[in-house]
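A.B. asks: Got a structure for you, questions after.
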Amino acid sequence: MEFKTDIQIAQETVPLKITEIARICGIDEKYIEQYGNYKAKIDLSLLNESKRNNGKLVLVTAITPTPAGEGKTTTTVGLSDALQKIGKNSVVALREPSLGPVFGVKGGAAGGGYAQVIPMEDINLHFTGDFHAIGAANNLLAAMLDNHIQQGNCLGIDPKKITWRRAVDMNDRQLRNIVDGLGGRANGCPREDGFDITVASEVMAVLCLSSDITDLKARLSSIIVGYTYDDKPVTAGQLKASGAMAALLKDALKPNLVQTLEHTPAIIHGGPFANIAHGCNSVIATKMALKLGDYAVTEAGFGADLGAEKFLDIKCRMAGLSPSAVVVVATVRALKHHGGALKADLCTENLEALERGLPNLLQHVENIIKVYSLPCVVAINRFPMDTEAELKLIEDKCRELGVNVALSEVWARGGEGGEALAREVVRLCEKENGFEFSYSLDKSIEEKLETICKRIYHADGVELTENAKKQAAQLKELGFGALPICMAKTQYSFSDDPKKLGAPSGFKVTVRNLKVSAGAGFIVALTGDIMTMPGLPKVPAAENIDVNENGVITGLF
């Protein structure tokens, strides 16, 4: 049997006009700015002027990622379609894909199979230009910073202590570390520099955490770009760059309205890295989905130890959000990988490997229930080769924690394949929950790090390098000690070692560097090697992407 590709399925779907999607979710046309027939921006004034009560917030997260894949975005889209199938008014809120990974390893990133958002080609490529605007704002700040030094440097910025880097939305390892300003005095001050991918820019995190244009400008002003010769921080506000940056971002701040294959309204907006930043779509998009739907289904990047932790401890804290239920996505194949099975053997029944890998799932579930006090359901993203014995083993182990398991077949069947999951989510949303954060902000930086590592990663503790200890003291002295922590850690393990699969124990997490993202409003704790500018693989996905004479794009998976 030959399966259709994601892009073939998407291109065979007849979409509704975006004005019809707006009507479905109750948006008056005065709030819609159309980008063609099938995309639109939503005016921010809708949030203040709508009289509707907020719906229920549902977070979709996952087990620790593996090469076998988990299908978190597919499940998120399919669940929202399934809620519509059972008669509920739902809106899905997702991140925008980054061009770099689209042309690198991933190909398209708008869901898969019969659980996708469309127009998938537009969403995966330029969309409405948000990421380009974010890159332009980032690079305007970089240009104004270097120009300030060139024109006399009245702020006394030390070129060796500049922390602000340039950005481009592409995987390009050649730009990780560069020297610029060459060619004589008229061409700038020579210094070491580098590029981050746009999704790793603090401007992206700032945009996604801003509540309105006023908040955006304040956050942009607070961005620290470097330090003076006497170690005082220098901000974008001091460089008088924040107003112009906000002008570039005024349209990018508005969330984007599209649809799923089954015409469920979808809001897609923002996309910060889930390791160097908080890995969630924008606060505005989530609030808009809550205002428009009885159920707002959203996701957070990577596994629950990264994406869900940051969604709950950073985004929900800053935005005043409170989830009603959490879905943890897993696959039989991925759990067998965590249990030591080789990739070539993942399609063969192996109850022993599955049992060895199950603690990874159970630890994520336990964190959601016991640390955050939230109701939870496990969604098994089912594959044809999964056996009944394997599925029963997962179900039995989850029930021991008091958690139900629902099979999700949305990839193959769309919303119809997620109805059991949707009904369980509705049931959980009606339960009272005592949502709480994993740590309080009045703890010291070291105590917050220790709490995350022990409670979420189940480590024995945290160790700070001498450099990190000095940085913690400096951040406290500068007045940043009460900020939340954004852990920059490998996504492939609960630990800071990507080779430690499953649910490792007997380890400590080493924090080697602490830096403040003052605009975003959190402290980034770096562990291991965290890449802020990916490279392309040996065979990039770009090699298979093409467009024909009629403008039809192929190869986006």
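Quick note on naming: the chains in the structure tokens go A, B, ... in the order shown, residues restart at 1 in each chain, and ligands are numbered from 1 in order of appearance.
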If we count only C-alpha atoms, what is near region 543-545 of chain A at a cut-off of 7 Å, once residues fewer than 6 positions away on the same chain are taken out, given as a list in words?
C.D. replies: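 Counting only the stated atoms, we get Thr554, Gly555 and Leu556 of chain A.
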A.B. asks: Take the residues just selected and output them with N, CA, C and O atoms as a PDB file, in the first residue's frame.
C.D. replies:
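To be explicit, this is the file written out as selection-v1.pdb:
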ATOM      1  N   THR A 554       6.624  20.940  -3.978  1.00  0.00           N
ATOM      2  CA  THR A 554       6.722  19.523  -3.609  1.00  0.00           C
ATOM      3  C   THR A 554       7.893  19.345  -2.641  1.00  0.00           C
ATOM      4  O   THR A 554       8.757  20.206  -2.520  1.00  0.00           O
ATOM      5  N   GLY A 555       7.900  18.200  -1.945  1.00  0.00           N
ATOM      6  CA  GLY A 555       9.042  17.822  -1.130  1.00  0.00           C
ATOM      7  C   GLY A 555       9.005  18.264   0.313  1.00  0.00           C
ATOM      8  O   GLY A 555       9.920  17.959   1.069  1.00  0.00           O
ATOM      9  N   LEU A 556       7.941  18.977   0.729  1.00  0.00           N
ATOM     10  CA  LEU A 556       7.841  19.392   2.138  1.00  0.00           C
ATOM     11  C   LEU A 556       7.235  18.257   2.973  1.00  0.00           C
ATOM     12  O   LEU A 556       6.345  18.465   3.778  1.00  0.00           O
TER      13      LEU A 556
END
A.B. asks: Name the residues of region 212-309 of chain A that fall into helix (DSSP H, G or I) according to DSSP on the backbone, using the chain letters and numbers of this document, as a PyMOL selection string.
C.D. replies: chain A and resi 213-222+242-249+283-292+304-309
A.B. asks: Write a file of the selected residues as a tab-separated table (two decimals), in the first residue's frame, keeping N, CA, C and O atoms.
C.D. replies:
chain	number	residue	atom	x	y	z
A	213	ILE	N	1.49	45.97	22.61
A	213	ILE	CA	2.58	46.74	22.03
A	213	ILE	C	3.35	47.51	23.11
A	213	ILE	O	4.58	47.66	23.02
A	214	THR	N	2.66	47.97	24.15
A	214	THR	CA	3.33	48.69	25.23
A	214	THR	C	4.29	47.77	25.98
A	214	THR	O	5.44	48.14	26.27
A	215	ASP	N	3.82	46.56	26.27
A	215	ASP	CA	4.66	45.56	26.94
A	215	ASP	C	5.83	45.18	26.04
A	215	ASP	O	6.97	45.02	26.51
A	216	LEU	N	5.57	45.04	24.74
A	216	LEU	CA	6.64	44.71	23.78
A	216	LEU	C	7.74	45.76	23.83
A	216	LEU	O	8.93	45.42	23.90
A	217	LYS	N	7.37	47.03	23.80
A	217	LYS	CA	8.38	48.10	23.80
A	217	LYS	C	9.19	48.10	25.10
A	217	LYS	O	10.41	48.30	25.10
A	218	ALA	N	8.51	47.85	26.21
A	218	ALA	CA	9.22	47.81	27.49
A	218	ALA	C	10.21	46.66	27.55
A	218	ALA	O	11.34	46.81	28.02
A	219	ARG	N	9.78	45.51	27.04
A	219	ARG	CA	10.67	44.35	27.04
A	219	ARG	C	11.86	44.55	26.10
A	219	ARG	O	13.00	44.20	26.42
A	220	LEU	N	11.59	45.11	24.92
A	220	LEU	CA	12.68	45.38	23.98
A	220	LEU	C	13.70	46.34	24.59
A	220	LEU	O	14.91	46.16	24.43
A	221	SER	N	13.22	47.36	25.30
A	221	SER	CA	14.11	48.32	25.94
A	221	SER	C	15.03	47.66	26.96
A	221	SER	O	16.16	48.12	27.20
A	222	SER	N	14.54	46.59	27.59
A	222	SER	CA	15.29	45.93	28.67
A	222	SER	C	16.35	44.95	28.17
A	222	SER	O	17.15	44.45	28.97
A	242	SER	N	14.69	50.63	20.77
A	242	SER	CA	13.48	49.84	21.02
A	242	SER	C	12.27	50.34	20.24
A	242	SER	O	11.44	49.54	19.81
A	243	GLY	N	12.15	51.65	20.05
A	243	GLY	CA	11.01	52.18	19.29
A	243	GLY	C	11.01	51.70	17.85
A	243	GLY	O	9.98	51.25	17.33
A	244	ALA	N	12.17	51.78	17.20
A	244	ALA	CA	12.28	51.33	15.81
A	244	ALA	C	12.09	49.82	15.71
A	244	ALA	O	11.47	49.32	14.76
A	245	MET	N	12.60	49.08	16.70
A	245	MET	CA	12.41	47.63	16.70
A	245	MET	C	10.92	47.29	16.81
A	245	MET	O	10.41	46.42	16.10
A	246	ALA	N	10.21	48.00	17.70
A	246	ALA	CA	8.77	47.76	17.87
A	246	ALA	C	8.01	48.10	16.59
A	246	ALA	O	7.03	47.42	16.24
A	247	ALA	N	8.48	49.14	15.88
A	247	ALA	CA	7.82	49.51	14.62
A	247	ALA	C	7.93	48.38	13.60
A	247	ALA	O	6.98	48.09	12.85
A	248	LEU	N	9.09	47.72	13.58
A	248	LEU	CA	9.27	46.57	12.68
A	248	LEU	C	8.38	45.40	13.09
A	248	LEU	O	8.02	44.57	12.25
A	249	LEU	N	8.03	45.32	14.37
A	249	LEU	CA	7.33	44.15	14.91
A	249	LEU	C	5.83	44.37	15.10
A	249	LEU	O	5.14	43.47	15.56
A	283	VAL	N	2.01	34.29	23.94
A	283	VAL	CA	0.98	34.51	24.97
A	283	VAL	C	-0.29	35.06	24.33
A	283	VAL	O	-1.41	34.64	24.64
A	284	ILE	N	-0.11	35.99	23.39
A	284	ILE	CA	-1.27	36.59	22.72
A	284	ILE	C	-2.07	35.54	21.96
A	284	ILE	O	-3.30	35.52	22.01
A	285	ALA	N	-1.37	34.63	21.25
A	285	ALA	CA	-2.07	33.59	20.49
A	285	ALA	C	-2.83	32.65	21.41
A	285	ALA	O	-3.97	32.28	21.13
A	286	THR	N	-2.23	32.27	22.52
A	286	THR	CA	-2.90	31.38	23.47
A	286	THR	C	-4.12	32.07	24.07
A	286	THR	O	-5.20	31.47	24.19
A	287	LYS	N	-3.97	33.33	24.45
A	287	LYS	CA	-5.11	34.06	25.00
A	287	LYS	C	-6.21	34.25	23.96
A	287	LYS	O	-7.41	34.20	24.29
A	288	MET	N	-5.82	34.44	22.71
A	288	MET	CA	-6.80	34.58	21.64
A	288	MET	C	-7.57	33.28	21.45
A	288	MET	O	-8.80	33.28	21.28
A	289	ALA	N	-6.85	32.14	21.49
A	289	ALA	CA	-7.51	30.84	21.36
A	289	ALA	C	-8.47	30.60	22.52
A	289	ALA	O	-9.57	30.06	22.34
A	290	LEU	N	-8.09	31.01	23.72
A	290	LEU	CA	-8.96	30.85	24.89
A	290	LEU	C	-10.21	31.73	24.76
A	290	LEU	O	-11.29	31.35	25.22
A	291	LYS	N	-10.07	32.88	24.14
A	291	LYS	CA	-11.19	33.79	23.97
A	291	LYS	C	-12.15	33.29	22.89
A	291	LYS	O	-13.36	33.53	22.96
A	292	LEU	N	-11.62	32.55	21.90
A	292	LEU	CA	-12.44	32.15	20.76
A	292	LEU	C	-13.01	30.74	20.88
A	292	LEU	O	-14.02	30.42	20.26
A	304	ALA	N	8.40	16.86	28.12
A	304	ALA	CA	7.76	17.61	29.20
A	304	ALA	C	8.77	18.23	30.16
A	304	ALA	O	8.47	19.23	30.81
A	305	ASP	N	9.98	17.66	30.25
A	305	ASP	CA	10.99	18.22	31.15
A	305	ASP	C	11.48	19.58	30.67
A	305	ASP	O	11.96	20.39	31.46
A	306	LEU	N	11.38	19.85	29.37
A	306	LEU	CA	11.77	21.15	28.82
A	306	LEU	C	10.53	21.99	28.50
A	306	LEU	O	10.22	22.95	29.17
A	307	GLY	N	9.79	21.59	27.44
A	307	GLY	CA	8.67	22.40	26.99
A	307	GLY	C	7.59	22.60	28.03
A	307	GLY	O	7.16	23.74	28.29
A	308	ALA	N	7.12	21.53	28.64
A	308	ALA	CA	6.03	21.66	29.61
A	308	ALA	C	6.49	22.42	30.85
A	308	ALA	O	5.76	23.26	31.39
A	309	GLU	N	7.71	22.14	31.31
A	309	GLU	CA	8.23	22.84	32.49
A	309	GLU	C	8.26	24.34	32.24
A	309	GLU	O	7.85	25.15	33.09
A.B. asks: Given the choices A:Val327, A:Val225, A:Ala379, A:Ala22, which gets closest to Glu299 (chain A) if the distance is worked out from only C-alpha atoms?
C.D. replies: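 Comparing A:Val327, A:Val225, A:Ala379, A:Ala22 against Glu299 (chain A), the winner is A:Val327.
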A.B. asks: Pull the strand (DSSP E) assignments for region 297-514 of chain A out of DSSP run on the backbone, and list those residues as a compact mmCIF listing (two decimals) with all heavy atoms, in the first residue's frame.
C.D. replies:
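Contents of the output file out_6.txt:
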# COMPACT_ATOMS: atom_id res chain seq x y z
N VAL A 297 -6.33 24.24 22.52
CA VAL A 297 -5.35 23.15 22.57
C VAL A 297 -4.02 23.70 22.06
O VAL A 297 -3.92 24.18 20.93
CB VAL A 297 -5.79 21.96 21.70
CG1 VAL A 297 -4.81 20.80 21.84
CG2 VAL A 297 -7.20 21.52 22.07
N THR A 298 -3.00 23.60 22.90
CA THR A 298 -1.68 24.12 22.51
C THR A 298 -0.61 23.12 22.89
O THR A 298 -0.88 22.11 23.55
CB THR A 298 -1.42 25.49 23.17
OG1 THR A 298 -0.26 26.09 22.59
CG2 THR A 298 -1.22 25.36 24.68
N GLU A 299 0.63 23.37 22.44
CA GLU A 299 1.72 22.45 22.72
C GLU A 299 2.95 23.22 23.18
O GLU A 299 3.03 24.44 23.03
CB GLU A 299 2.08 21.62 21.48
CG GLU A 299 2.64 22.46 20.35
CD GLU A 299 3.28 21.62 19.24
OE1 GLU A 299 3.66 20.47 19.50
OE2 GLU A 299 3.41 22.15 18.14
N ALA A 325 -5.97 20.67 31.68
CA ALA A 325 -5.57 19.27 31.49
C ALA A 325 -4.28 19.24 30.68
O ALA A 325 -3.97 20.18 29.93
CB ALA A 325 -6.66 18.48 30.77
N VAL A 326 -3.55 18.14 30.83
CA VAL A 326 -2.29 17.94 30.09
C VAL A 326 -2.35 16.59 29.39
O VAL A 326 -2.79 15.59 29.97
CB VAL A 326 -1.07 17.98 31.04
CG1 VAL A 326 0.22 17.69 30.28
CG2 VAL A 326 -0.98 19.33 31.73
N VAL A 327 -1.91 16.57 28.14
CA VAL A 327 -1.79 15.33 27.37
C VAL A 327 -0.31 15.04 27.18
O VAL A 327 0.45 15.91 26.73
CB VAL A 327 -2.46 15.48 25.98
CG1 VAL A 327 -2.28 14.20 25.17
CG2 VAL A 327 -3.93 15.84 26.13
N VAL A 328 0.13 13.84 27.54
CA VAL A 328 1.52 13.42 27.33
C VAL A 328 1.53 12.40 26.19
O VAL A 328 0.96 11.32 26.30
CB VAL A 328 2.14 12.81 28.59
CG1 VAL A 328 3.57 12.35 28.31
CG2 VAL A 328 2.13 13.81 29.75
N VAL A 329 2.17 12.77 25.08
CA VAL A 329 2.19 11.93 23.88
C VAL A 329 3.38 10.97 23.94
O VAL A 329 4.49 11.36 24.29
CB VAL A 329 2.28 12.79 22.60
CG1 VAL A 329 2.29 11.90 21.36
CG2 VAL A 329 1.12 13.78 22.54
N ALA A 330 3.13 9.73 23.57
CA ALA A 330 4.19 8.72 23.51
C ALA A 330 3.91 7.78 22.35
O ALA A 330 2.78 7.70 21.86
CB ALA A 330 4.26 7.93 24.82
N CYS A 376 -4.01 14.51 33.95
CA CYS A 376 -3.18 14.12 32.81
C CYS A 376 -3.75 12.86 32.14
O CYS A 376 -4.32 11.99 32.80
CB CYS A 376 -1.76 13.84 33.32
SG CYS A 376 -0.58 13.28 32.11
N VAL A 377 -3.59 12.80 30.82
CA VAL A 377 -3.91 11.60 30.06
C VAL A 377 -2.73 11.30 29.14
O VAL A 377 -2.09 12.22 28.62
CB VAL A 377 -5.21 11.76 29.24
CG1 VAL A 377 -5.13 12.96 28.29
CG2 VAL A 377 -5.53 10.50 28.44
N VAL A 378 -2.44 10.03 28.96
CA VAL A 378 -1.39 9.61 28.04
C VAL A 378 -2.03 9.30 26.69
O VAL A 378 -2.98 8.52 26.61
CB VAL A 378 -0.64 8.37 28.56
CG1 VAL A 378 0.31 7.81 27.50
CG2 VAL A 378 0.14 8.73 29.82
N ALA A 379 -1.51 9.91 25.64
CA ALA A 379 -1.98 9.64 24.27
C ALA A 379 -0.93 8.79 23.57
O ALA A 379 0.20 9.25 23.37
CB ALA A 379 -2.21 10.94 23.51
N ILE A 380 -1.29 7.59 23.22
CA ILE A 380 -0.38 6.72 22.46
C ILE A 380 -0.61 6.97 20.97
O ILE A 380 -1.68 6.64 20.43
CB ILE A 380 -0.60 5.23 22.78
CG1 ILE A 380 -0.38 4.97 24.27
CG2 ILE A 380 0.35 4.36 21.94
CD1 ILE A 380 1.01 5.29 24.77
N ASN A 381 0.34 7.59 20.34
CA ASN A 381 0.28 7.83 18.90
C ASN A 381 0.53 6.50 18.20
O ASN A 381 1.67 6.05 18.08
CB ASN A 381 1.34 8.88 18.51
CG ASN A 381 1.28 9.25 17.05
OD1 ASN A 381 0.28 9.02 16.37
ND2 ASN A 381 2.37 9.82 16.56
N ASN A 404 -5.34 7.56 32.77
CA ASN A 404 -5.90 6.81 31.65
C ASN A 404 -5.01 6.93 30.41
O ASN A 404 -4.27 7.90 30.25
CB ASN A 404 -7.31 7.32 31.33
CG ASN A 404 -8.33 6.81 32.33
OD1 ASN A 404 -8.15 5.77 32.95
ND2 ASN A 404 -9.42 7.56 32.50
N VAL A 405 -5.15 5.96 29.54
CA VAL A 405 -4.43 5.95 28.26
C VAL A 405 -5.45 5.95 27.14
O VAL A 405 -6.43 5.20 27.19
CB VAL A 405 -3.52 4.70 28.15
CG1 VAL A 405 -2.89 4.62 26.77
CG2 VAL A 405 -2.45 4.72 29.22
N ALA A 406 -5.23 6.80 26.16
CA ALA A 406 -6.12 6.84 24.99
C ALA A 406 -5.29 6.64 23.73
O ALA A 406 -4.23 7.27 23.58
CB ALA A 406 -6.86 8.17 24.92
N LEU A 407 -5.75 5.75 22.86
CA LEU A 407 -5.06 5.57 21.58
C LEU A 407 -5.40 6.72 20.65
O LEU A 407 -6.55 7.14 20.56
CB LEU A 407 -5.46 4.24 20.94
CG LEU A 407 -5.02 2.97 21.64
CD1 LEU A 407 -5.46 1.75 20.85
CD2 LEU A 407 -3.51 2.95 21.82
N SER A 408 -4.39 7.23 19.99
CA SER A 408 -4.59 8.32 19.03
C SER A 408 -4.22 7.82 17.64
O SER A 408 -3.10 7.37 17.42
CB SER A 408 -3.72 9.52 19.41
OG SER A 408 -3.78 10.51 18.41
N GLY A 461 21.08 16.51 42.25
CA GLY A 461 21.31 17.91 42.56
C GLY A 461 21.92 18.63 41.38
O GLY A 461 21.95 18.11 40.25
N VAL A 462 22.40 19.84 41.62
CA VAL A 462 23.00 20.65 40.57
C VAL A 462 24.38 21.10 41.02
O VAL A 462 24.61 21.33 42.21
CB VAL A 462 22.11 21.87 40.23
CG1 VAL A 462 22.01 22.84 41.41
CG2 VAL A 462 22.61 22.60 38.99
N GLU A 463 25.29 21.21 40.07
CA GLU A 463 26.63 21.74 40.33
C GLU A 463 26.87 22.93 39.42
O GLU A 463 26.70 22.83 38.20
CB GLU A 463 27.70 20.67 40.10
CG GLU A 463 27.65 19.54 41.12
CD GLU A 463 28.74 18.51 40.89
OE1 GLU A 463 29.31 18.49 39.76
OE2 GLU A 463 29.03 17.73 41.81
N LEU A 464 27.27 24.05 39.99
CA LEU A 464 27.61 25.23 39.21
C LEU A 464 29.12 25.33 39.07
O LEU A 464 29.85 25.15 40.06
CB LEU A 464 27.08 26.50 39.89
CG LEU A 464 25.62 26.88 39.63
CD1 LEU A 464 24.67 25.89 40.29
CD2 LEU A 464 25.33 28.30 40.10
N ILE A 485 13.75 30.64 35.89
CA ILE A 485 14.90 30.01 35.23
C ILE A 485 14.44 29.35 33.93
O ILE A 485 13.42 28.66 33.90
CB ILE A 485 15.54 28.93 36.13
CG1 ILE A 485 16.01 29.54 37.46
CG2 ILE A 485 16.68 28.23 35.42
CD1 ILE A 485 17.15 30.53 37.34
N CYS A 486 15.21 29.55 32.87
CA CYS A 486 14.97 28.87 31.60
C CYS A 486 16.16 27.95 31.35
O CYS A 486 17.26 28.41 31.02
CB CYS A 486 14.83 29.90 30.47
SG CYS A 486 14.46 29.15 28.87
N MET A 487 15.95 26.65 31.52
CA MET A 487 17.04 25.68 31.40
C MET A 487 17.38 25.42 29.93
O MET A 487 16.50 25.12 29.13
CB MET A 487 16.67 24.37 32.08
CG MET A 487 16.46 24.46 33.57
SD MET A 487 17.95 24.89 34.51
CE MET A 487 18.94 23.41 34.29
N ALA A 488 18.65 25.54 29.61
CA ALA A 488 19.15 25.18 28.28
C ALA A 488 19.87 23.85 28.43
O ALA A 488 20.99 23.79 28.93
CB ALA A 488 20.09 26.25 27.75
N LYS A 508 24.14 14.31 38.57
CA LYS A 508 23.97 15.72 38.87
C LYS A 508 24.03 16.50 37.56
O LYS A 508 24.65 16.08 36.60
CB LYS A 508 25.05 16.22 39.84
CG LYS A 508 24.87 15.72 41.26
CD LYS A 508 25.79 16.45 42.22
CE LYS A 508 25.49 16.05 43.66
NZ LYS A 508 26.34 16.82 44.62
N VAL A 509 23.34 17.62 37.53
CA VAL A 509 23.33 18.49 36.35
C VAL A 509 24.36 19.59 36.57
O VAL A 509 24.36 20.24 37.62
CB VAL A 509 21.93 19.09 36.13
CG1 VAL A 509 21.97 20.12 34.99
CG2 VAL A 509 20.92 18.00 35.82
N THR A 510 25.23 19.78 35.58
CA THR A 510 26.26 20.82 35.68
C THR A 510 25.83 22.06 34.90
O THR A 510 25.59 21.98 33.69
CB THR A 510 27.61 20.32 35.13
OG1 THR A 510 28.03 19.17 35.88
CG2 THR A 510 28.67 21.40 35.22
N VAL A 511 25.71 23.16 35.59
CA VAL A 511 25.41 24.45 34.95
C VAL A 511 26.72 25.18 34.75
O VAL A 511 27.43 25.49 35.71
CB VAL A 511 24.43 25.30 35.80
CG1 VAL A 511 24.27 26.69 35.20
CG2 VAL A 511 23.09 24.59 35.92
N ASN A 513 27.09 28.01 32.66
CA ASN A 513 26.97 29.41 32.28
C ASN A 513 25.57 29.91 32.63
O ASN A 513 24.59 29.19 32.45
CB ASN A 513 27.21 29.53 30.76
CG ASN A 513 27.53 30.94 30.33
OD1 ASN A 513 27.64 31.84 31.15
ND2 ASN A 513 27.67 31.16 29.03
N LEU A 514 25.49 31.12 33.14
CA LEU A 514 24.20 31.76 33.42
C LEU A 514 24.18 33.11 32.71
O LEU A 514 25.14 33.88 32.81
CB LEU A 514 24.01 31.98 34.92
CG LEU A 514 23.80 30.75 35.81
CD1 LEU A 514 23.94 31.12 37.27
CD2 LEU A 514 22.45 30.12 35.56
A.B. asks: Nearest residue to Glu12 (chain A) out of A:Ala422, A:Val552, A:Val403, A:Ile445, using only C-alpha atoms?
C.D. replies: A:Val552
A.B. asks: May I ask which of the residues A:Thr19, A:Ser201, A:Ser438, A:Asn37 is the closest one to Arg455 (chain A), counting only C-alpha atoms?
C.D. replies: A:Ser438
A.B. asks: For region 3-7 of chain A, please output as a list in words all residues within 10 Å (counting only C-alpha atoms; exclusion window: fewer than 5 positions along the same chain).
C.D. replies: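 Answer for this query is Glu12, Gly108, Ala109, Ala110, Gly111, Gly112, Gly113, Tyr114, Ala115, Gln116, Ile118, Pro119, Met120, Glu121, Trp411, Ala412, Ile553, Thr554, Gly555, Leu556 and Phe557 of chain A.
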A.B. asks: Store the residues picked out above, limited to C-alpha atoms, as a PDB file, in the first residue's frame.
C.D. replies:
ATOM      1  CA  GLU A  12      -5.839  17.644  -2.052  1.00  0.00           C
ATOM      2  CA  GLY A 108       7.501  20.395   6.942  1.00  0.00           C
ATOM      3  CA  ALA A 109       6.415  21.009  10.534  1.00  0.00           C
ATOM      4  CA  ALA A 110       2.672  21.626  10.399  1.00  0.00           C
ATOM      5  CA  GLY A 111       1.411  18.278  11.688  1.00  0.00           C
ATOM      6  CA  GLY A 112       1.197  15.153   9.571  1.00  0.00           C
ATOM      7  CA  GLY A 113      -1.066  12.756   7.720  1.00  0.00           C
ATOM      8  CA  TYR A 114      -4.712  13.731   8.175  1.00  0.00           C
ATOM      9  CA  ALA A 115      -3.981  15.986  11.154  1.00  0.00           C
ATOM     10  CA  GLN A 116      -2.385  19.066   9.623  1.00  0.00           C
ATOM     11  CA  ILE A 118      -3.046  24.448   6.037  1.00  0.00           C
ATOM     12  CA  PRO A 119      -1.878  26.072   3.801  1.00  0.00           C
ATOM     13  CA  MET A 120       1.080  23.952   4.913  1.00  0.00           C
ATOM     14  CA  GLU A 121       3.458  25.274   2.244  1.00  0.00           C
ATOM     15  CA  TRP A 411      -2.395  10.662  11.585  1.00  0.00           C
ATOM     16  CA  ALA A 412      -4.349   8.050   9.634  1.00  0.00           C
ATOM     17  CA  ILE A 553       5.577  23.105  -4.185  1.00  0.00           C
ATOM     18  CA  THR A 554       6.722  19.523  -3.609  1.00  0.00           C
ATOM     19  CA  GLY A 555       9.042  17.822  -1.130  1.00  0.00           C
ATOM     20  CA  LEU A 556       7.841  19.392   2.138  1.00  0.00           C
ATOM     21  CA  PHE A 557       7.238  15.808   3.382  1.00  0.00           C
TER      22      PHE A 557
END
A.B. asks: CA of Leu16 (chain A) to CA of Val91 (chain A): how many Å, to one decimal?
C.D. replies: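 Result for CA of Leu16 (chain A) versus CA of Val91 (chain A): 15.6 Å, one decimal.
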A.B. asks: Can you work out which one of A:Ala205, A:Leu239, A:Leu99, A:Leu59 has the shortest atom-to-atom distance to Ile149 (chain A), counting only C-alpha atoms?
C.D. replies: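 The answer is A:Leu239, which sits nearest to Ile149 (chain A).
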A.B. asks: In Å, rounded to a single decimal, give me how far CA of Met144 (chain A) is from CA of Pro159 (chain A).
C.D. replies: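 The value is 13.4 Å.
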A.B. asks: Show which residues sit within 9 Å of Ile134 (chain A), as a PyMOL selection string. Count only C-alpha atoms, and ignore same-chain residues fewer than 2 positions away.
C.D. replies: chain A and resi 129-132+136-139+167+198-199+201+203-204+207+245+248-249+252
A.B. asks: Distance CA of Ala520 (chain A)-CA of Ile452 (chain A), one decimal place?
C.D. replies: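 Spanning CA of Ala520 (chain A) to CA of Ile452 (chain A) is a straight-line distance of 19.5 Å.
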A.B. asks: Excluding region 316-319 of chain A and its own-chain neighbours fewer than 6 positions away, which residues fall within 8 Å of it when counting only C-alpha atoms? Please give them as a list in words.
C.D. replies: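 Final neighbour list, sorted by chain and number: Leu209, Ser211, Val283 and Phe437 of chain A.
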A.B. asks: Those same residues, written as an mmCIF file, in the first residue's frame with C-alpha atoms?
C.D. replies:
data_model
loop_
_atom_site.group_PDB
_atom_site.id
_atom_site.type_symbol
_atom_site.label_atom_id
_atom_site.label_comp_id
_atom_site.auth_asym_id
_atom_site.auth_seq_id
_atom_site.Cartn_x
_atom_site.Cartn_y
_atom_site.Cartn_z
ATOM 1 C CA LEU A 209 5.837 36.751 25.989
ATOM 2 C CA SER A 211 0.890 41.033 26.122
ATOM 3 C CA VAL A 283 0.980 34.505 24.967
ATOM 4 C CA PHE A 437 4.510 25.978 39.950
#
A.B. asks: Got a sec: who's within 8 Å of Gly104 (chain A), counting only C-alpha atoms, leaving out chain neighbours fewer than 3 positions off, as number ranges by chain?
C.D. replies: A: 100-101, 107, 171, 535-537, 540-542
A.B. asks: Could the residues in this selection be saved with C-alpha atoms as a PDB file, in the first residue's frame?
C.D. replies:
ATOM      1  CA  GLY A 100      16.242  26.380   8.997  1.00  0.00           C
ATOM      2  CA  PRO A 101      14.883  23.005  10.173  1.00  0.00           C
ATOM      3  CA  GLY A 107      11.005  19.130   6.157  1.00  0.00           C
ATOM      4  CA  ASN A 171      20.715  26.531   9.364  1.00  0.00           C
ATOM      5  CA  GLY A 535      23.974  23.247  10.539  1.00  0.00           C
ATOM      6  CA  LEU A 536      22.543  21.371   7.580  1.00  0.00           C
ATOM      7  CA  PRO A 537      22.839  17.555   7.494  1.00  0.00           C
ATOM      8  CA  PRO A 540      19.418  18.431   3.570  1.00  0.00           C
ATOM      9  CA  ALA A 541      15.653  18.259   3.140  1.00  0.00           C
ATOM     10  CA  ALA A 542      16.149  21.230   0.781  1.00  0.00           C
TER      11      ALA A 542
END
A.B. asks: From the set A:Leu358, A:Val102, A:Ile21, A:Leu141, which residue has the shortest atom-to-atom contact distance to Ile394 (chain A), counting only C-alpha atoms?
C.D. replies: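 Under the stated criterion, the closest residue is A:Leu358.
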A.B. asks: Ile86 (chain A): which residues within 7 Å, counting only C-alpha atoms, same-chain residues fewer than 3 positions away excluded, as a PyMOL selection string?
C.D. replies: chain A and resi 82-83+419
A.B. asks: Would you export the selected residues with N, CA, C and O atoms as a short mmCIF file (atom, residue, chain, number, x, y, z; two decimals), in the first residue's frame, please?
C.D. replies:
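The result, written out as result_15.cif:
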data_model
loop_
_atom_site.label_atom_id
_atom_site.label_comp_id
_atom_site.auth_asym_id
_atom_site.auth_seq_id
_atom_site.Cartn_x
_atom_site.Cartn_y
_atom_site.Cartn_z
N ALA A 82 -10.70 16.45 16.82
CA ALA A 82 -11.54 15.45 17.49
C ALA A 82 -12.53 16.12 18.44
O ALA A 82 -13.68 15.67 18.58
N LEU A 83 -12.10 17.17 19.11
CA LEU A 83 -13.02 17.90 19.98
C LEU A 83 -14.18 18.47 19.18
O LEU A 83 -15.34 18.43 19.62
N GLU A 419 -11.16 10.68 18.86
CA GLU A 419 -12.36 10.94 19.65
C GLU A 419 -12.25 10.41 21.07
O GLU A 419 -12.72 11.05 22.02
#
